[in-house]
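As provided, coords_24.cif (mmCIF, C-alpha atoms) reads as follows.
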```
data_my_file
loop_
_atom_site.group_PDB
_atom_site.id
_atom_site.type_symbol
_atom_site.label_atom_id
_atom_site.label_comp_id
_atom_site.auth_asym_id
_atom_site.auth_seq_id
_atom_site.Cartn_x
_atom_site.Cartn_y
_atom_site.Cartn_z
ATOM 1 C CA MET K 235 0.000 0.000 0.000
ATOM 2 C CA LEU K 236 1.072 3.627 -0.531
ATOM 3 C CA TYR K 237 1.750 4.463 3.122
ATOM 4 C CA GLN K 238 3.925 1.337 3.465
ATOM 5 C CA ASN K 239 6.251 2.457 0.660
ATOM 6 C CA SER K 240 8.396 5.163 2.248
ATOM 7 C CA ALA K 241 10.222 5.732 -1.063
ATOM 8 C CA LEU K 242 7.057 7.228 -2.514
ATOM 9 C CA ILE K 243 6.606 9.827 0.231
ATOM 10 C CA PRO K 244 9.158 12.402 -1.094
ATOM 11 C CA GLN K 245 7.689 12.031 -4.589
ATOM 12 C CA LEU K 246 4.167 12.510 -3.233
ATOM 13 C CA CYS K 247 5.225 15.581 -1.251
ATOM 14 C CA GLY K 248 6.799 17.033 -4.385
ATOM 15 C CA ILE K 249 3.588 16.538 -6.374
ATOM 16 C CA ILE K 250 1.543 18.213 -3.623
ATOM 17 C CA HIS K 251 3.844 21.253 -3.463
ATOM 18 C CA GLN K 252 3.793 21.539 -7.257
ATOM 19 C CA HIS K 253 0.019 21.607 -7.596
ATOM 20 C CA VAL K 254 -1.410 22.715 -4.222
ATOM 21 C CA ALA K 255 -1.104 26.274 -2.874
ATOM 22 C CA ILE K 256 0.135 26.113 0.743
ATOM 23 C CA SER K 257 1.051 28.862 3.184
ATOM 24 C CA PHE K 258 1.926 29.046 6.901
ATOM 25 C CA PHE K 259 1.104 31.788 9.426
ATOM 26 C CA ASP K 260 2.264 32.714 12.884
ATOM 27 C CA GLU K 261 -0.093 33.542 15.747
ATOM 28 C CA GLN K 262 -0.167 37.229 14.689
ATOM 29 C CA GLY K 263 -1.619 36.194 11.325
ATOM 30 C CA CYS K 264 1.535 36.976 9.311
ATOM 31 C CA PHE K 265 2.976 34.734 6.611
ATOM 32 C CA SER K 266 5.838 32.593 7.960
ATOM 33 C CA ASN K 267 6.317 30.381 4.887
ATOM 34 C CA VAL K 268 4.744 29.843 1.461
ATOM 35 C CA ASN K 269 5.283 27.473 -1.438
ATOM 36 C CA GLU K 270 5.835 28.401 -5.083
ATOM 37 C CA THR K 271 2.318 27.367 -6.110
ATOM 38 C CA PHE K 272 0.815 29.872 -3.690
ATOM 39 C CA CYS K 273 3.202 32.584 -4.955
ATOM 40 C CA ARG K 274 2.056 31.949 -8.532
ATOM 41 C CA MET K 275 -1.569 32.117 -7.435
ATOM 42 C CA ILE K 276 -1.217 35.407 -5.523
ATOM 43 C CA GLY K 277 1.401 37.140 -7.732
ATOM 44 C CA PHE K 278 3.892 37.908 -4.938
ATOM 45 C CA ASP K 279 7.261 36.236 -4.500
ATOM 46 C CA THR K 280 8.296 34.552 -1.255
ATOM 47 C CA GLN K 281 10.253 37.482 0.177
ATOM 48 C CA GLU K 282 7.354 39.867 -0.433
ATOM 49 C CA LEU K 283 5.021 37.622 1.587
ATOM 50 C CA ILE K 284 7.122 36.506 4.575
ATOM 51 C CA GLY K 285 6.152 38.662 7.539
ATOM 52 C CA ARG K 286 3.264 40.244 5.638
ATOM 53 C CA PRO K 287 -0.159 40.206 7.397
ATOM 54 C CA LEU K 288 -2.731 37.900 5.851
ATOM 55 C CA CYS K 289 -5.236 40.785 5.897
ATOM 56 C CA ASP K 290 -3.191 42.470 3.142
ATOM 57 C CA VAL K 291 -4.409 39.847 0.676
ATOM 58 C CA CYS K 292 -7.635 38.829 2.475
ATOM 59 C CA PRO K 293 -8.996 42.166 3.746
ATOM 60 C CA ASP K 294 -12.532 41.006 4.540
ATOM 61 C CA ALA K 295 -11.815 37.662 6.192
ATOM 62 C CA PRO K 296 -11.470 37.489 10.015
ATOM 63 C CA ILE K 297 -10.197 33.930 9.627
ATOM 64 C CA PHE K 298 -8.317 33.630 12.896
ATOM 65 C CA ASP K 299 -11.396 34.690 14.831
ATOM 66 C CA LEU K 300 -13.075 31.587 13.446
ATOM 67 C CA LEU K 301 -10.441 29.339 15.004
ATOM 68 C CA THR K 302 -11.207 30.284 18.598
ATOM 69 C CA ALA K 303 -13.679 27.435 19.090
ATOM 70 C CA LYS K 304 -11.946 24.744 17.022
ATOM 71 C CA ASP K 305 -8.613 24.018 15.382
ATOM 72 C CA HIS K 306 -9.714 24.119 11.757
ATOM 73 C CA TRP K 307 -11.893 26.093 9.358
ATOM 74 C CA SER K 308 -12.842 25.756 5.705
ATOM 75 C CA GLY K 309 -14.854 27.890 3.321
ATOM 76 C CA GLU K 310 -14.840 30.149 0.285
ATOM 77 C CA LEU K 311 -12.709 33.270 0.532
ATOM 78 C CA LEU K 312 -12.136 36.315 -1.645
ATOM 79 C CA MET K 313 -8.418 37.090 -1.993
ATOM 80 C CA ARG K 314 -6.545 39.941 -3.659
ATOM 81 C CA HIS K 315 -3.846 39.347 -6.272
ATOM 82 C CA LYS K 316 -0.741 41.567 -6.353
ATOM 83 C CA SER K 317 -2.333 43.297 -9.365
ATOM 84 C CA GLU K 318 -5.274 44.205 -7.039
ATOM 85 C CA ALA K 319 -7.570 41.852 -8.992
ATOM 86 C CA PRO K 320 -9.865 39.867 -6.658
ATOM 87 C CA PHE K 321 -10.184 36.100 -7.028
ATOM 88 C CA TRP K 322 -11.974 33.301 -5.155
ATOM 89 C CA VAL K 323 -10.414 30.306 -3.398
ATOM 90 C CA ASN K 324 -11.528 27.348 -1.327
ATOM 91 C CA LEU K 325 -9.526 27.678 1.894
ATOM 92 C CA TYR K 326 -8.693 24.924 4.380
ATOM 93 C CA LEU K 327 -7.105 26.362 7.539
ATOM 94 C CA HIS K 328 -5.647 24.219 10.339
ATOM 95 C CA THR K 329 -3.893 24.912 13.637
ATOM 96 C CA LEU K 330 -0.444 23.387 14.110
ATOM 97 C CA ASP K 331 0.931 22.826 17.617
ATOM 98 C CA VAL K 332 4.670 22.688 17.028
ATOM 99 C CA SER K 333 5.361 21.931 20.697
ATOM 100 C CA PRO K 334 3.525 22.369 24.013
ATOM 101 C CA SER K 335 5.591 25.453 24.867
ATOM 102 C CA SER K 336 5.484 27.134 21.446
ATOM 103 C CA PRO K 337 2.773 29.476 20.157
ATOM 104 C CA HIS K 338 0.264 28.215 17.639
ATOM 105 C CA HIS K 339 1.100 28.197 13.948
ATOM 106 C CA TYR K 340 -1.363 27.788 11.108
ATOM 107 C CA VAL K 341 -1.318 26.141 7.710
ATOM 108 C CA ALA K 342 -3.651 27.143 4.875
ATOM 109 C CA ILE K 343 -4.273 25.080 1.759
ATOM 110 C CA LYS K 344 -5.923 26.951 -1.076
ATOM 111 C CA GLU K 345 -7.650 25.928 -4.290
ATOM 112 C CA SER K 346 -8.640 28.543 -6.867
ATOM 113 C CA ILE K 347 -12.358 28.501 -7.698
ATOM 114 C CA ASP K 348 -12.370 31.756 -9.645
ATOM 115 C CA GLU K 349 -13.568 30.164 -12.891
ATOM 116 C CA ARG K 350 -16.427 28.427 -11.104
ATOM 117 C CA LYS K 351 -17.407 31.722 -9.477
ATOM 118 C CA ARG K 352 -17.392 33.455 -12.870
ATOM 119 C CA LEU K 353 -19.702 30.797 -14.287
ATOM 120 C CA GLU K 354 -22.028 31.082 -11.277
ATOM 121 C CA HIS K 355 -22.054 34.857 -11.675
ATOM 122 C CA ALA K 356 -22.914 34.589 -15.385
ATOM 123 C CA ALA K 357 -25.787 32.214 -14.576
ATOM 124 C CA THR K 358 -27.357 34.446 -11.919
ATOM 125 C CA VAL K 359 -26.658 38.052 -12.960
ATOM 126 C CA ASP K 360 -28.122 40.123 -15.796
ATOM 127 C CA SER K 361 -25.170 41.066 -17.986
ATOM 128 C CA LEU K 362 -26.402 44.589 -18.783
ATOM 129 C CA THR K 363 -27.591 45.887 -15.409
ATOM 130 C CA LYS K 364 -25.489 43.688 -13.076
ATOM 131 C CA LEU K 365 -28.581 42.971 -10.967
ATOM 132 C CA TYR K 366 -29.831 39.409 -10.515
ATOM 133 C CA ASN K 367 -31.625 37.888 -13.490
ATOM 134 C CA ARG K 368 -35.240 36.734 -13.379
ATOM 135 C CA THR K 369 -34.486 33.030 -12.951
ATOM 136 C CA HIS K 370 -32.217 33.548 -9.965
ATOM 137 C CA PHE K 371 -34.606 36.046 -8.415
ATOM 138 C CA ASN K 372 -37.430 33.491 -8.598
ATOM 139 C CA ASN K 373 -35.258 30.970 -6.756
ATOM 140 C CA LEU K 374 -34.458 33.515 -4.040
ATOM 141 C CA LEU K 375 -38.102 34.583 -3.854
ATOM 142 C CA GLU K 376 -39.272 31.016 -3.179
ATOM 143 C CA PHE K 377 -36.712 30.655 -0.399
ATOM 144 C CA GLU K 378 -37.548 34.007 1.217
ATOM 145 C CA PHE K 379 -41.284 33.410 0.839
ATOM 146 C CA SER K 380 -41.016 30.148 2.774
ATOM 147 C CA ARG K 381 -38.832 31.736 5.439
ATOM 148 C CA GLN K 382 -41.104 34.724 5.959
ATOM 149 C CA GLN K 383 -44.237 32.544 6.137
ATOM 150 C CA ARG K 384 -42.588 30.115 8.554
ATOM 151 C CA ASN K 385 -41.336 32.888 10.862
ATOM 152 C CA ARG K 386 -44.479 35.000 10.414
ATOM 153 C CA GLN K 387 -42.470 38.076 9.497
ATOM 154 C CA HIS K 388 -43.305 40.972 7.192
ATOM 155 C CA ALA K 389 -41.989 41.084 3.637
ATOM 156 C CA SER K 390 -42.753 43.357 0.691
ATOM 157 C CA LEU K 391 -42.329 43.409 -3.081
ATOM 158 C CA ILE K 392 -41.667 46.407 -5.314
ATOM 159 C CA LEU K 393 -42.177 46.222 -9.076
ATOM 160 C CA CYS K 394 -40.651 49.069 -11.103
ATOM 161 C CA ASP K 395 -41.228 49.923 -14.767
ATOM 162 C CA ILE K 396 -39.435 52.702 -16.684
ATOM 163 C CA ASP K 397 -42.026 55.100 -18.108
ATOM 164 C CA ASP K 398 -42.357 55.364 -21.914
ATOM 165 C CA PHE K 399 -39.320 53.188 -22.496
ATOM 166 C CA LYS K 400 -40.313 52.271 -26.065
ATOM 167 C CA LYS K 401 -40.405 55.979 -26.908
ATOM 168 C CA ILE K 402 -36.910 56.384 -25.428
ATOM 169 C CA ASN K 403 -35.592 53.570 -27.614
ATOM 170 C CA ASP K 404 -37.394 54.811 -30.730
ATOM 171 C CA THR K 405 -36.245 58.411 -30.246
ATOM 172 C CA TYR K 406 -32.672 58.018 -29.034
ATOM 173 C CA GLY K 407 -31.719 54.470 -30.043
ATOM 174 C CA HIS K 408 -31.161 51.197 -28.209
ATOM 175 C CA LEU K 409 -27.694 52.106 -26.934
ATOM 176 C CA PHE K 410 -29.227 55.067 -25.151
ATOM 177 C CA GLY K 411 -31.964 52.757 -23.884
ATOM 178 C CA ASP K 412 -29.323 50.439 -22.436
ATOM 179 C CA LYS K 413 -27.765 53.411 -20.682
ATOM 180 C CA ALA K 414 -31.158 54.274 -19.171
ATOM 181 C CA LEU K 415 -31.562 50.688 -17.926
ATOM 182 C CA ARG K 416 -28.163 50.798 -16.243
ATOM 183 C CA HIS K 417 -28.998 54.175 -14.711
ATOM 184 C CA VAL K 418 -32.189 52.822 -13.133
ATOM 185 C CA ALA K 419 -30.465 49.599 -12.004
ATOM 186 C CA ASP K 420 -27.641 51.560 -10.350
ATOM 187 C CA THR K 421 -30.143 53.818 -8.608
ATOM 188 C CA ILE K 422 -32.008 50.802 -7.235
ATOM 189 C CA ALA K 423 -28.788 49.091 -6.104
ATOM 190 C CA HIS K 424 -27.654 52.192 -4.201
ATOM 191 C CA SER K 425 -31.067 52.710 -2.567
ATOM 192 C CA ILE K 426 -31.613 49.340 -0.891
ATOM 193 C CA ARG K 427 -30.032 47.414 1.991
ATOM 194 C CA LYS K 428 -27.436 44.693 1.542
ATOM 195 C CA HIS K 429 -29.887 41.902 2.345
ATOM 196 C CA ASP K 430 -32.600 43.222 -0.001
ATOM 197 C CA ILE K 431 -32.803 41.459 -3.364
ATOM 198 C CA ALA K 432 -33.114 43.360 -6.666
ATOM 199 C CA ALA K 433 -33.346 41.930 -10.176
ATOM 200 C CA ARG K 434 -34.077 42.871 -13.741
ATOM 201 C CA TRP K 435 -37.450 41.242 -14.234
ATOM 202 C CA GLY K 436 -37.440 41.646 -17.998
ATOM 203 C CA GLY K 437 -37.238 44.438 -20.592
ATOM 204 C CA GLU K 438 -37.542 47.698 -18.679
ATOM 205 C CA GLU K 439 -39.016 46.141 -15.512
ATOM 206 C CA PHE K 440 -37.210 45.623 -12.204
ATOM 207 C CA ILE K 441 -38.291 43.835 -9.058
ATOM 208 C CA ILE K 442 -37.156 44.250 -5.446
ATOM 209 C CA LEU K 443 -37.779 41.897 -2.536
ATOM 210 C CA LEU K 444 -37.598 43.540 0.897
ATOM 211 C CA PRO K 445 -37.388 40.921 3.678
ATOM 212 C CA ASP K 446 -38.580 41.895 7.168
ATOM 213 C CA THR K 447 -40.260 45.026 5.756
ATOM 214 C CA ASP K 448 -43.879 46.102 6.127
ATOM 215 C CA LEU K 449 -45.884 48.077 3.574
ATOM 216 C CA GLU K 450 -45.210 51.499 5.095
ATOM 217 C CA LYS K 451 -41.437 51.022 4.979
ATOM 218 C CA ALA K 452 -41.591 49.511 1.493
ATOM 219 C CA LEU K 453 -43.554 52.514 0.217
ATOM 220 C CA HIS K 454 -40.864 54.777 1.648
ATOM 221 C CA VAL K 455 -38.162 52.824 -0.220
ATOM 222 C CA ALA K 456 -40.122 52.977 -3.480
ATOM 223 C CA GLN K 457 -40.720 56.716 -3.112
ATOM 224 C CA LYS K 458 -37.017 57.263 -2.484
ATOM 225 C CA ILE K 459 -36.044 55.337 -5.631
ATOM 226 C CA CYS K 460 -38.747 57.032 -7.716
ATOM 227 C CA HIS K 461 -37.515 60.476 -6.661
ATOM 228 C CA ALA K 462 -33.848 59.557 -7.209
ATOM 229 C CA ILE K 463 -34.472 58.318 -10.758
ATOM 230 C CA ALA K 464 -36.464 61.383 -11.767
ATOM 231 C CA HIS K 465 -34.016 63.892 -10.268
ATOM 232 C CA ALA K 466 -30.711 62.293 -11.212
ATOM 233 C CA GLU K 467 -28.379 64.039 -13.658
ATOM 234 C CA PHE K 468 -28.871 61.478 -16.394
ATOM 235 C CA GLN K 469 -28.898 63.738 -19.464
ATOM 236 C CA LYS K 470 -29.203 67.527 -19.558
ATOM 237 C CA THR K 471 -32.323 67.582 -21.745
ATOM 238 C CA ILE K 472 -33.822 64.168 -20.954
ATOM 239 C CA THR K 473 -35.615 63.052 -17.816
ATOM 240 C CA ILE K 474 -36.084 59.370 -17.045
ATOM 241 C CA THR K 475 -38.965 58.428 -14.739
ATOM 242 C CA ALA K 476 -40.395 55.156 -13.473
ATOM 243 C CA SER K 477 -43.599 53.880 -11.911
ATOM 244 C CA PHE K 478 -43.801 51.561 -8.906
ATOM 245 C CA GLY K 479 -46.199 48.990 -7.507
ATOM 246 C CA VAL K 480 -45.771 47.928 -3.875
ATOM 247 C CA THR K 481 -47.423 45.152 -1.834
ATOM 248 C CA GLN K 482 -46.893 43.463 1.500
ATOM 249 C CA LEU K 483 -46.991 39.685 1.828
ATOM 250 C CA ARG K 484 -50.261 38.268 3.167
ATOM 251 C CA ARG K 485 -50.691 34.995 5.059
ATOM 252 C CA SER K 486 -53.046 33.786 2.318
ATOM 253 C CA ASP K 487 -50.533 34.519 -0.466
ATOM 254 C CA ASN K 488 -48.464 32.223 -2.588
ATOM 255 C CA THR K 489 -45.678 33.707 -4.700
ATOM 256 C CA ALA K 490 -47.950 34.006 -7.745
ATOM 257 C CA SER K 491 -50.722 35.899 -5.917
ATOM 258 C CA TRP K 492 -48.181 38.125 -4.185
ATOM 259 C CA PHE K 493 -46.560 39.063 -7.487
ATOM 260 C CA GLY K 494 -49.985 39.449 -9.138
ATOM 261 C CA ARG K 495 -51.082 42.058 -6.606
ATOM 262 C CA THR K 496 -47.771 43.898 -7.057
ATOM 263 C CA ASP K 497 -48.294 43.941 -10.822
ATOM 264 C CA GLU K 498 -51.791 45.339 -10.313
ATOM 265 C CA ALA K 499 -50.385 48.085 -8.096
ATOM 266 C CA LEU K 500 -47.866 48.972 -10.819
ATOM 267 C CA TYR K 501 -50.686 49.164 -13.370
ATOM 268 C CA LYS K 502 -52.528 51.515 -11.009
ATOM 269 C CA ALA K 503 -49.459 53.796 -10.831
ATOM 270 C CA LYS K 504 -49.327 53.901 -14.643
ATOM 271 C CA GLN K 505 -53.046 54.723 -14.879
ATOM 272 C CA GLN K 506 -52.696 57.496 -12.312
ATOM 273 C CA GLY K 507 -50.141 59.373 -14.421
ATOM 274 C CA LYS K 508 -46.773 57.525 -14.114
ATOM 275 C CA ASN K 509 -43.700 58.646 -12.152
ATOM 276 C CA ARG K 510 -45.394 57.601 -8.928
ATOM 277 C CA VAL K 511 -45.866 54.827 -6.389
ATOM 278 C CA ALA K 512 -49.092 52.873 -5.849
ATOM 279 C CA HIS K 513 -50.150 49.988 -3.635
#
```

Could you express the structure from this file as C-alpha cells?
Amino acid sequence: MLYQNSALIPQLCGIIHQHVAISFFDEQGCFSNVNETFCRMIGFDTQELIGRPLCDVCPDAPIFDLLTAKDHWSGELLMRHKSEAPFWVNLYLHTLDVSPSSPHHYVAIKESIDERKRLEHAATVDSLTKLYNRTHFNNLLEFEFSRQQRNRQHASLILCDIDDFKKINDTYGHLFGDKALRHVADTIAHSIRKHDIAARWGGEEFIILLPDTDLEKALHVAQKICHAIAHAEFQKTITITASFGVTQLRRSDNTASWFGRTDEALYKAKQQGKNRVAH
C-alpha cells in the first residue's frame, strides 16, 4: 500500500507542493512560509510575503477569529492578487501545535475557484444591469417566501417599470436605452439594503424583494427610488422616470398571488399618471 512504501513519500510531497497552494502563518496572522504554487496564485514572491499580514491579501476575512472554538476552518474566501484583482479560493485552515511550549502556527491550503465563481455569476446576474436575473430572483423569492411565512415576518415586493421606455428607444436608439436601464439599475442598487434582493425582471421592468419590511417602509423605499431616478443628472435635456407597484406579503398569499397584486399596483401607478408609487 502507498503508506507502506516510504520511497514514494518524497515524490508525493513534491507533487503536492507543485500543484497545491500552501502557506503558513504565525499567531499574529503573518505569513511565515509559502510554497511556489501559492506565490504563482497570488502574484507575490516569497520574500514579499514573509512577515506580511494575511489581511493584506484577504482584507474582509477574520479567519483567525473563526479558530477560537476549534482548530480548523474551511470555506470560500475572496483574496486579492498583487495586481489588485480579486479572485476566489476554497480555503482549508488548520492549527499546528509545534510543541507544548510554542505558540500556535497555522497552515492554509488553497484551491482557486475563480472560474467556477465566474460561471455562477454569469448564470445568476443580468449582464447589462449587473442585478440578478429573473431566474435567480425566482429561486431567491421562493426561499424568502417560505422563510417569511414560517417565521411570520413581514416582507414586501416592489415592481418598477421605466415610463415610456419604447419611446426612449425609438427616439434616441437602443444604446441610449441600455444606458437608461443601467442608470435605473444603479439607482435601485444604491437605494436598498445589503440583504434586499433586486433583479431585472425583464425588458424595462425591475423587481425588489424587501425581507422583514412592512408596507409602510416599502412605500418609503419605493418613493425614495422614484424620486432619485427622476431627479438624477442622467442627461441635460432628458428626464427618465419610473412607476412603482408595492405590496406586503399576506398569510393567504403564494408567490404568484403576491406578485400578481404587485403587478396590479404597478398598473394603477401607470393609470394614475406615471412617475409615482401605488399599492

Just say which residues the PyMOL selection byres ((chain K and resi 451) around 12) picks in this file, as number ranges by chain.
-> K: 388-392, 426, 444-450, 452-458, 480-482

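Between His328 in chain K and the candidates K:Gln383, K:Thr489, K:Ser425, K:Ser308, the tightest atom-to-atom separation, counting all atoms listed in the file, involves K:Ser308.
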
How big is the axis-aligned box around all listed atoms of range 262-270 of chain K once 8 Å goes on each side, and where's its centre, in Å to one decimal, as lines of an AutoDock Vina configuration file?
```
center_x = 2.3
center_y = 32.4
center_z = 4.8
size_x = 23.9
size_y = 25.8
size_z = 35.8
```

Decode the PyMOL selection byres ((chain K and resi 413) around 12) for the given file into explicit residues and return them as a PDB file with C-alpha atoms, keeping the file's coordinate frame.
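Saved the output as part_30.pdb:
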```pdb
ATOM      1  CA  LEU K 362     -26.402  44.589 -18.783  1.00  0.00           C
ATOM      2  CA  THR K 363     -27.591  45.887 -15.409  1.00  0.00           C
ATOM      3  CA  PHE K 399     -39.320  53.188 -22.496  1.00  0.00           C
ATOM      4  CA  ILE K 402     -36.910  56.384 -25.428  1.00  0.00           C
ATOM      5  CA  ASN K 403     -35.592  53.570 -27.614  1.00  0.00           C
ATOM      6  CA  TYR K 406     -32.672  58.018 -29.034  1.00  0.00           C
ATOM      7  CA  GLY K 407     -31.719  54.470 -30.043  1.00  0.00           C
ATOM      8  CA  HIS K 408     -31.161  51.197 -28.209  1.00  0.00           C
ATOM      9  CA  LEU K 409     -27.694  52.106 -26.934  1.00  0.00           C
ATOM     10  CA  PHE K 410     -29.227  55.067 -25.151  1.00  0.00           C
ATOM     11  CA  GLY K 411     -31.964  52.757 -23.884  1.00  0.00           C
ATOM     12  CA  ASP K 412     -29.323  50.439 -22.436  1.00  0.00           C
ATOM     13  CA  ALA K 414     -31.158  54.274 -19.171  1.00  0.00           C
ATOM     14  CA  LEU K 415     -31.562  50.688 -17.926  1.00  0.00           C
ATOM     15  CA  ARG K 416     -28.163  50.798 -16.243  1.00  0.00           C
ATOM     16  CA  HIS K 417     -28.998  54.175 -14.711  1.00  0.00           C
ATOM     17  CA  VAL K 418     -32.189  52.822 -13.133  1.00  0.00           C
ATOM     18  CA  ALA K 419     -30.465  49.599 -12.004  1.00  0.00           C
ATOM     19  CA  ASP K 420     -27.641  51.560 -10.350  1.00  0.00           C
ATOM     20  CA  GLU K 438     -37.542  47.698 -18.679  1.00  0.00           C
ATOM     21  CA  PHE K 468     -28.871  61.478 -16.394  1.00  0.00           C
ATOM     22  CA  GLN K 469     -28.898  63.738 -19.464  1.00  0.00           C
ATOM     23  CA  ILE K 474     -36.084  59.370 -17.045  1.00  0.00           C
TER      24      ILE K 474
END
```

Return as a list in words the set of residues that the PyMOL selection byres ((chain K and resi 430) around 6) yields on the displayed structure.
->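 Against this file, the PyMOL selection byres ((chain K and resi 430) around 6) returns the residues Arg427, Lys428, His429, Ile431, Leu443 and Leu444 of chain K.
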
Could you work out how far CA of Ala319 in chain K lies from CA of Ala255 in chain K, giving the answer in Å with one decimal?
->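 If I compute the distance from CA of Ala255 in chain K to CA of Ala319 in chain K, I get 17.9 Å.
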
Quick one, how far is CA of Thr280 in chain K from CA of Arg350 in chain K?
->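 Atom-to-atom, CA of Thr280 in chain K and CA of Arg350 in chain K are spaced 27.3 Å apart.
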
Between K:Trp492, K:Phe478, K:Phe265, K:Tyr326, smallest distance to Asp290 in chain K by all atoms listed in the file belongs to K:Phe265

One decimal place gives the CA of Phe493 in chain K-CA of Ile441 in chain K separation as 9.7 Å

Selection: 12 Å around range 352-361 of chain K, all atoms listed in the file, excl. self and same-chain fewer than 3 positions, as a PyMOL selection string = chain K and resi 320-322+346-349+364-374+412+415-416+419+431-437+440

Could the residues in this selection be written to a file with C-alpha atoms, as a PDB file, in the coordinates of the input?
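Writing done, so here's selection-v3.pdb:
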```pdb
ATOM      1  CA  PRO K 320      -9.865  39.867  -6.658  1.00  0.00           C
ATOM      2  CA  PHE K 321     -10.184  36.100  -7.028  1.00  0.00           C
ATOM      3  CA  TRP K 322     -11.974  33.301  -5.155  1.00  0.00           C
ATOM      4  CA  SER K 346      -8.640  28.543  -6.867  1.00  0.00           C
ATOM      5  CA  ILE K 347     -12.358  28.501  -7.698  1.00  0.00           C
ATOM      6  CA  ASP K 348     -12.370  31.756  -9.645  1.00  0.00           C
ATOM      7  CA  GLU K 349     -13.568  30.164 -12.891  1.00  0.00           C
ATOM      8  CA  LYS K 364     -25.489  43.688 -13.076  1.00  0.00           C
ATOM      9  CA  LEU K 365     -28.581  42.971 -10.967  1.00  0.00           C
ATOM     10  CA  TYR K 366     -29.831  39.409 -10.515  1.00  0.00           C
ATOM     11  CA  ASN K 367     -31.625  37.888 -13.490  1.00  0.00           C
ATOM     12  CA  ARG K 368     -35.240  36.734 -13.379  1.00  0.00           C
ATOM     13  CA  THR K 369     -34.486  33.030 -12.951  1.00  0.00           C
ATOM     14  CA  HIS K 370     -32.217  33.548  -9.965  1.00  0.00           C
ATOM     15  CA  PHE K 371     -34.606  36.046  -8.415  1.00  0.00           C
ATOM     16  CA  ASN K 372     -37.430  33.491  -8.598  1.00  0.00           C
ATOM     17  CA  ASN K 373     -35.258  30.970  -6.756  1.00  0.00           C
ATOM     18  CA  LEU K 374     -34.458  33.515  -4.040  1.00  0.00           C
ATOM     19  CA  ASP K 412     -29.323  50.439 -22.436  1.00  0.00           C
ATOM     20  CA  LEU K 415     -31.562  50.688 -17.926  1.00  0.00           C
ATOM     21  CA  ARG K 416     -28.163  50.798 -16.243  1.00  0.00           C
ATOM     22  CA  ALA K 419     -30.465  49.599 -12.004  1.00  0.00           C
ATOM     23  CA  ILE K 431     -32.803  41.459  -3.364  1.00  0.00           C
ATOM     24  CA  ALA K 432     -33.114  43.360  -6.666  1.00  0.00           C
ATOM     25  CA  ALA K 433     -33.346  41.930 -10.176  1.00  0.00           C
ATOM     26  CA  ARG K 434     -34.077  42.871 -13.741  1.00  0.00           C
ATOM     27  CA  TRP K 435     -37.450  41.242 -14.234  1.00  0.00           C
ATOM     28  CA  GLY K 436     -37.440  41.646 -17.998  1.00  0.00           C
ATOM     29  CA  GLY K 437     -37.238  44.438 -20.592  1.00  0.00           C
ATOM     30  CA  PHE K 440     -37.210  45.623 -12.204  1.00  0.00           C
TER      31      PHE K 440
END
```

If we count all atoms listed in the file, what is near range 505-511 of chain K at a cut-off of 6 Å, once residues fewer than 5 positions away on the same chain are taken out, given as a PyMOL selection string?
-> chain K and resi 475-479
